[in-house]
>>> print(open('protein-v2.txt').read())   # compact mmCIF, C-alpha atoms
# COMPACT_ATOMS: atom_id res chain seq x y z
CA MET A 1327 -14.84 2.47 -18.85
CA THR A 1328 -16.70 -0.40 -17.19
CA GLY A 1329 -14.74 -2.91 -19.25
CA LEU A 1330 -11.44 -1.39 -18.14
CA LEU A 1331 -12.55 -1.52 -14.51
CA LEU A 1332 -13.43 -5.20 -14.86
CA LYS A 1333 -10.05 -5.85 -16.49
CA ASP A 1334 -8.11 -4.31 -13.61
CA TRP A 1335 -10.35 -6.02 -11.03
CA LYS A 1336 -9.66 -9.43 -12.58
CA LEU A 1337 -5.95 -8.67 -12.66
CA PHE A 1338 -6.16 -7.77 -8.98
CA ARG A 1339 -7.98 -11.01 -8.18
CA ARG A 1340 -5.16 -12.97 -9.82
CA GLN A 1341 -2.92 -11.58 -7.06
CA GLY A 1342 -5.30 -12.97 -4.42
CA ARG A 1343 -2.76 -15.28 -2.79
CA TYR A 1344 -0.26 -12.48 -2.37
CA TYR A 1345 -2.76 -10.11 -0.79
CA GLY A 1346 -4.14 -12.93 1.34
CA PHE A 1347 -0.61 -13.33 2.70
CA VAL A 1348 -0.46 -9.58 3.35
CA LEU A 1349 -3.70 -9.84 5.33
CA LEU A 1350 -2.45 -12.79 7.39
CA LEU A 1351 0.86 -11.04 8.08
CA ALA A 1352 -0.94 -7.89 9.22
CA CYS A 1353 -3.17 -9.95 11.53
CA ALA A 1354 -0.24 -11.86 13.02
CA MET A 1355 1.88 -8.77 13.66
CA ALA A 1356 -1.08 -6.86 15.06
CA PHE A 1357 -2.14 -9.46 17.59
CA VAL A 1358 1.43 -10.04 18.70
CA GLY A 1359 2.30 -6.36 18.94
CA SER A 1360 1.21 -3.66 21.35
CA LYS A 1361 -1.71 -1.25 21.16
CA ASP A 1362 0.43 1.50 19.60
CA PHE A 1363 1.89 -0.95 17.11
CA SER A 1364 -1.62 -1.77 15.87
CA SER A 1365 -1.45 1.36 13.68
CA PHE A 1366 0.77 -0.82 11.49
CA ILE A 1367 -2.36 -2.66 10.35
CA THR A 1368 -3.91 0.39 8.73
CA SER A 1369 -0.74 1.84 7.23
CA TYR A 1370 0.74 -1.44 5.98
CA MET A 1371 -2.40 -2.82 4.36
CA THR A 1372 -3.45 0.49 2.81
CA PHE A 1373 -0.12 1.13 1.12
CA MET A 1374 0.40 -2.48 0.04
CA ILE A 1375 -2.98 -2.47 -1.68
CA ALA A 1376 -2.17 0.93 -3.20
CA ILE A 1377 0.98 -0.45 -4.83
CA PHE A 1378 -1.16 -2.61 -7.13
CA SER A 1379 -2.31 0.59 -8.85
CA PHE A 1380 1.22 0.85 -10.26
CA SER A 1381 1.31 -2.82 -11.24
CA SER A 1382 -1.80 -2.42 -13.39
CA PHE A 1383 0.19 -0.14 -15.74
CA THR A 1384 2.84 -2.85 -16.09
CA TYR A 1385 0.22 -5.40 -17.11
CA ASP A 1386 -1.25 -2.96 -19.63
CA GLU A 1387 2.12 -2.31 -21.29
CA TYR A 1388 3.04 -6.00 -21.51
CA GLU A 1389 3.59 -7.07 -25.16
CA ASN A 1390 2.32 -3.72 -26.54
CA GLY A 1391 -1.00 -4.07 -24.74
CA MET A 1392 -1.40 -0.30 -24.60
CA VAL A 1393 -1.73 -0.12 -28.37
CA PHE A 1394 -4.71 -2.47 -28.20
CA LEU A 1395 -6.32 -0.77 -25.20
CA LEU A 1396 -6.10 2.70 -26.71
CA ALA A 1397 -7.59 1.42 -29.95
CA LEU A 1398 -10.81 0.58 -28.10
CA PRO A 1399 -13.77 3.01 -28.26
CA SER A 1400 -13.05 4.13 -24.69
CA GLY A 1401 -9.91 5.96 -25.87
CA ARG A 1402 -7.21 7.75 -23.89
CA ARG A 1403 -9.41 9.92 -21.68
CA ASP A 1404 -11.46 7.00 -20.40
CA TYR A 1405 -8.28 5.01 -19.83
CA VAL A 1406 -6.90 7.73 -17.54
CA LYS A 1407 -10.26 8.20 -15.84
CA GLU A 1408 -10.53 4.46 -15.16
CA LYS A 1409 -7.09 4.36 -13.55
CA TYR A 1410 -8.07 7.10 -11.11
CA VAL A 1411 -11.48 5.62 -10.33
CA PHE A 1412 -10.08 2.11 -9.89
CA SER A 1413 -7.23 3.25 -7.65
CA ILE A 1414 -9.57 5.29 -5.44
CA LEU A 1415 -11.97 2.35 -5.08
CA LEU A 1416 -9.13 -0.09 -4.47
CA ILE A 1417 -7.30 2.01 -1.89
CA THR A 1418 -10.50 2.96 -0.07
CA GLY A 1419 -11.60 -0.69 0.03
CA GLY A 1420 -8.23 -1.87 1.34
CA TRP A 1421 -8.23 0.88 3.95
CA ALA A 1422 -11.77 -0.04 5.08
CA VAL A 1423 -10.75 -3.69 5.55
CA ALA A 1424 -7.70 -2.59 7.56
CA VAL A 1425 -9.83 -0.32 9.77
CA LEU A 1426 -12.29 -3.15 10.47
CA LEU A 1427 -9.40 -5.46 11.27
CA ARG A 1428 -7.88 -2.97 13.69
CA PHE A 1429 -11.29 -2.43 15.29
CA GLY A 1430 -11.60 -6.20 15.79
CA PHE A 1431 -8.14 -6.23 17.36
CA PHE A 1432 -9.23 -3.60 19.89
CA LEU A 1433 -12.48 -5.44 20.64
CA ILE A 1434 -10.60 -8.64 21.41
CA ARG A 1435 -7.66 -7.26 23.36
CA TYR A 1436 -8.92 -3.93 24.72
CA SER A 1437 -12.29 -2.19 24.23
CA ALA A 1438 -14.35 -0.36 21.63
CA ALA A 1439 -14.13 2.85 23.69
CA GLU A 1440 -10.34 2.88 23.36
CA TYR A 1441 -10.62 2.45 19.61
CA LEU A 1442 -13.03 5.37 19.34
CA GLU A 1443 -10.32 7.58 20.83
CA ILE A 1444 -7.98 6.90 17.90
CA LEU A 1445 -10.70 6.67 15.23
CA PRO A 1446 -10.21 10.30 14.05
CA THR A 1447 -6.62 9.46 13.07
CA GLU A 1448 -7.57 6.52 10.84
CA PRO A 1449 -8.28 8.55 7.66
CA THR A 1450 -4.67 9.80 7.67
CA CYS A 1451 -3.32 6.68 5.96
CA LEU A 1452 -6.12 6.74 3.40
CA LEU A 1453 -5.48 10.36 2.43
CA LEU A 1454 -1.70 9.90 2.27
CA ALA A 1455 -2.03 6.77 0.12
CA LEU A 1456 -4.45 8.50 -2.24
CA ILE A 1457 -2.24 11.56 -2.62
CA TYR A 1458 0.89 9.46 -3.15
CA VAL A 1459 -0.66 7.16 -5.76
CA GLU A 1460 -2.58 9.80 -7.67
CA CYS A 1461 0.41 12.15 -7.80
CA SER A 1462 2.50 9.24 -9.12
CA PHE A 1463 0.18 8.57 -12.06
CA PRO A 1464 1.37 11.53 -14.20
CA VAL A 1465 4.97 10.35 -13.79
CA ILE A 1466 4.14 6.76 -14.79
CA ILE A 1467 2.03 7.88 -17.75
CA LYS A 1468 4.75 10.22 -19.01
CA PHE A 1469 7.79 7.95 -18.57
CA GLY A 1470 6.22 4.50 -18.80
CA SER A 1471 5.68 1.84 -16.16
CA GLU A 1472 9.24 0.70 -15.44
CA LYS A 1473 11.03 4.06 -15.53
CA GLY A 1474 8.08 5.84 -13.92
CA ARG A 1475 7.96 3.44 -10.97
CA ALA A 1476 11.69 3.90 -10.38
CA ILE A 1477 11.22 7.68 -10.31
CA VAL A 1478 8.19 7.37 -8.03
CA PHE A 1479 9.90 5.12 -5.49
CA GLY A 1480 13.02 7.27 -5.62
CA GLY A 1481 10.87 10.31 -4.92
CA LEU A 1482 9.20 8.53 -2.01
CA ALA A 1483 12.60 7.70 -0.52
CA ALA A 1484 13.70 11.32 -0.90
CA ILE A 1485 10.50 12.58 0.75
CA GLY A 1486 10.92 10.09 3.60
CA ALA A 1487 14.50 11.18 4.17
CA GLY A 1488 13.46 14.83 4.08
CA VAL A 1489 10.67 14.33 6.62
CA PHE A 1490 13.05 12.36 8.86
CA LEU A 1491 15.59 15.17 8.81
CA LEU A 1492 12.91 17.78 9.52
CA VAL A 1493 11.61 15.75 12.47
CA LYS A 1494 15.13 15.28 13.83
CA SER A 1495 15.82 18.99 13.54
CA GLY A 1496 12.53 19.84 15.25
CA VAL A 1497 11.39 22.15 12.46
CA ILE A 1498 8.24 20.20 11.64
CA LEU A 1499 7.26 19.23 15.19
CA PRO A 1500 5.02 22.31 15.71
CA VAL A 1501 3.03 21.26 12.63
CA PHE A 1502 2.47 17.79 14.07
CA SER A 1503 1.48 19.30 17.42
CA THR A 1504 -1.06 21.57 15.74
CA ILE A 1505 -2.56 18.67 13.80
CA ASP A 1506 -2.79 16.58 17.00
CA GLN A 1507 -4.58 19.41 18.78
CA LEU A 1508 -7.02 19.90 15.92
CA SER A 1509 -7.74 16.15 15.78
CA GLU A 1510 -8.83 16.35 19.41
CA THR A 1511 -10.63 19.71 19.44
CA ALA A 1512 -12.02 19.95 15.90
CA PRO A 1513 -11.80 16.53 14.17
CA VAL A 1514 -14.69 17.13 11.75
CA PRO A 1515 -13.39 20.44 10.27
CA LEU A 1516 -9.89 18.96 10.08
CA LEU A 1517 -11.18 15.91 8.21
CA ALA A 1518 -13.31 18.04 5.88
CA GLY A 1519 -10.37 20.31 5.09
CA SER A 1520 -8.05 17.34 4.51
CA LEU A 1521 -10.58 15.74 2.15
CA ALA A 1522 -10.92 18.99 0.23
CA VAL A 1523 -7.14 19.32 -0.17
CA CYS A 1524 -6.88 15.67 -1.21
CA ALA A 1525 -9.67 16.09 -3.78
CA LEU A 1526 -7.96 19.18 -5.22
CA ILE A 1527 -4.63 17.39 -5.53
CA ILE A 1528 -6.30 14.41 -7.25
CA TRP A 1529 -8.12 16.71 -9.69
CA ILE A 1530 -4.89 18.53 -10.61
CA SER A 1531 -3.07 15.21 -11.00
CA TYR A 1532 -5.88 13.92 -13.23
CA GLN A 1533 -5.68 16.96 -15.51
CA VAL A 1534 -1.90 16.59 -15.83
CA SER A 1535 -2.25 12.87 -16.57
CA LEU A 1536 -4.75 13.60 -19.33
CA ARG A 1537 -2.33 15.99 -21.02
CA PHE A 1538 0.56 13.53 -20.79
CA MET A 1539 -1.57 10.66 -22.14
CA GLU A 1540 -2.82 12.72 -25.09
CA LYS A 1541 0.76 13.60 -26.09
CA ARG A 1542 2.35 10.19 -25.46
CA GLU A 1543 3.15 7.93 -28.40
CA PHE A 1544 3.04 4.13 -28.21
>>> encode(input="protein-v2.txt", output="structure tokens")
Amino acid sequence: MTGLLLKDWKLFRRQGRYYGFVLLLACAMAFVGSKDFSSFITSYMTFMIAIFSFSSFTYDEYENGMVFLLALPSGRRDYVKEKYVFSILLITGGWAVAVLLRFGFFLIRYSAAEYLEILPTEPTCLLLALIYVECSFPVIIKFGSEKGRAIVFGGLAAIGAGVFLLVKSGVILPVFSTIDQLSETAPVPLLAGSLAVCALIIWISYQVSLRFMEKREF
């Protein structure tokens, strides 16, 4: 599995200019924007880094590359395991850089104390990105990179539209209010519970991906 991790890391490094531009754009928009707008740093960078997890499947399938990869001793199970491990490391690393960047923004323009007030909300983007990416893997593995990505992004658009309608109708507002209250009164239990739910979702997604990979023909 180590070889597969190195492969995806080198592919990611080849996109260095693009992600360097993402970093510069996040910095520029953050330092020009307001304090509330600074949340854009964490959300934008985390999800942009997460998108590369999908691109790695495209690289693998290029010119029947999957046939070669699955012929290696690592096999199908290690291939799926590597994708989950790599995506978790990648998304967590991108999120950590974004958090440090936002912290620097507060140090320069405001104060560390003000950042500590919003610190409990920072893991939200990380958990959402992890759940979104890991739940997308079974779809991409089953339908292939191109078709799977179209389904995934279509599903994301549908979810976004659904959440927007629920917010507009006021149905989901009590849920947000409860989460806000818990983040202020009991941030540690809320974070622990969220991590547990995220870990469960990732484990279920991993098991489904294994079954799809074992049945898929290349």
>>> atom_distance(input="protein-v2.txt", atom1="CA of Phe1479 (chain A)", atom2="CA of Leu1332 (chain A)")
27.2 Å
>>> atom_distance(input="protein-v2.txt", atom1="CA of Met1327 (chain A)", atom2="CA of Ser1413 (chain A)")
13.6 Å
>>> residues_around(input="protein-v2.txt", residues="Glu1460 (chain A)", least_positions_apart="5", cutoff="8 Å", atoms="all atoms listed in the file", output="MDAnalysis selection string")
chainID A and resid 1410 1528 1531:1532
>>> atom_distance(input="protein-v2.txt", atom1="CA of Pro1399 (chain A)", atom2="CA of Cys1461 (chain A)")
26.5 Å
>>> axis_aligned_box(input="protein-v2.txt", around="region 1413-1417 of chain A", padding_each_side="3 Å", output="lines of an AutoDock Vina configuration file")
center_x = -9.6
center_y = 2.6
center_z = -4.8
size_x = 10.7
size_y = 11.4
size_z = 11.8
>>> closest_residue(input="protein-v2.txt", among="A:Ser1535, A:Leu1482, A:Ile1417, A:Val1393", to="Phe1469 (chain A)", atoms="only C-alpha atoms")
A:Ser1535
>>> closest_residue(input="protein-v2.txt", among="A:Tyr1458, A:Val1411, A:Ile1467, A:Arg1435", to="Lys1541 (chain A)", atoms="all atoms listed in the file")
A:Ile1467
>>> closest_residue(input="protein-v2.txt", among="A:Leu1331, A:Leu1396, A:Met1539, A:Cys1524", to="Leu1416 (chain A)", atoms="all atoms listed in the file")
A:Leu1331
>>> residues_near_point(input="protein-v2.txt", point="(3.4, 8.1, -10.4)", cutoff="8 Å", atoms="only C-alpha atoms", output="PyMOL selection string")
chain A and resi 1380+1458-1467+1474-1475+1477-1478
>>> residues_around(input="protein-v2.txt", residues="region 1334-1345 of chain A", least_positions_apart="3", cutoff="10 Å", atoms="all atoms listed in the file", output="PyMOL selection string")
chain A and resi 1329-1331+1348-1351+1371+1374-1375+1378-1379+1381-1383+1385-1386+1408-1409+1412-1413+1416
>>> closest_residue(input="protein-v2.txt", among="A:Arg1402, A:Arg1542, A:Val1425, A:Phe1394", to="Thr1447 (chain A)", atoms="only C-alpha atoms")
A:Val1425
>>> closest_residue(input="protein-v2.txt", among="A:Ile1527, A:Ala1424, A:Met1392, A:Ala1518", to="Leu1454 (chain A)", atoms="all atoms listed in the file")
A:Ile1527
>>> closest_residue(input="protein-v2.txt", among="A:Gly1430, A:Pro1449, A:Val1534, A:Leu1398", to="Cys1353 (chain A)", atoms="all atoms listed in the file")
A:Gly1430
>>> decode(input="protein-v2.txt", residues="region 1514-1527 of chain A", atoms="N, CA and C atoms", output="short mmCIF file (atom, residue, chain, number, x, y, z; two decimals), in the first residue's frame")
data_model
loop_
_atom_site.label_atom_id
_atom_site.label_comp_id
_atom_site.auth_asym_id
_atom_site.auth_seq_id
_atom_site.Cartn_x
_atom_site.Cartn_y
_atom_site.Cartn_z
N VAL A 1514 -16.83 19.71 23.54
CA VAL A 1514 -16.06 18.45 23.51
C VAL A 1514 -16.97 17.25 23.23
N PRO A 1515 -18.08 17.07 23.96
CA PRO A 1515 -18.99 15.95 23.63
C PRO A 1515 -19.54 16.04 22.21
N LEU A 1516 -19.84 17.26 21.75
CA LEU A 1516 -20.36 17.42 20.39
C LEU A 1516 -19.31 16.99 19.37
N LEU A 1517 -18.06 17.39 19.59
CA LEU A 1517 -16.98 17.01 18.68
C LEU A 1517 -16.75 15.51 18.70
N ALA A 1518 -16.76 14.92 19.90
CA ALA A 1518 -16.55 13.48 20.02
C ALA A 1518 -17.66 12.70 19.32
N GLY A 1519 -18.90 13.14 19.51
CA GLY A 1519 -20.01 12.48 18.85
C GLY A 1519 -19.95 12.62 17.34
N SER A 1520 -19.56 13.81 16.86
CA SER A 1520 -19.45 14.04 15.42
C SER A 1520 -18.36 13.17 14.81
N LEU A 1521 -17.23 13.04 15.52
CA LEU A 1521 -16.14 12.19 15.04
C LEU A 1521 -16.57 10.73 14.98
N ALA A 1522 -17.33 10.31 15.98
CA ALA A 1522 -17.80 8.92 16.00
C ALA A 1522 -18.74 8.64 14.82
N VAL A 1523 -19.65 9.57 14.56
CA VAL A 1523 -20.58 9.41 13.43
C VAL A 1523 -19.81 9.40 12.11
N CYS A 1524 -18.83 10.31 11.99
CA CYS A 1524 -18.02 10.38 10.78
C CYS A 1524 -17.25 9.08 10.57
N ALA A 1525 -16.65 8.55 11.65
CA ALA A 1525 -15.89 7.30 11.55
C ALA A 1525 -16.80 6.14 11.14
N LEU A 1526 -18.01 6.11 11.67
CA LEU A 1526 -18.96 5.05 11.30
C LEU A 1526 -19.34 5.13 9.83
N ILE A 1527 -19.60 6.34 9.35
CA ILE A 1527 -19.96 6.53 7.95
C ILE A 1527 -18.81 6.10 7.03
#
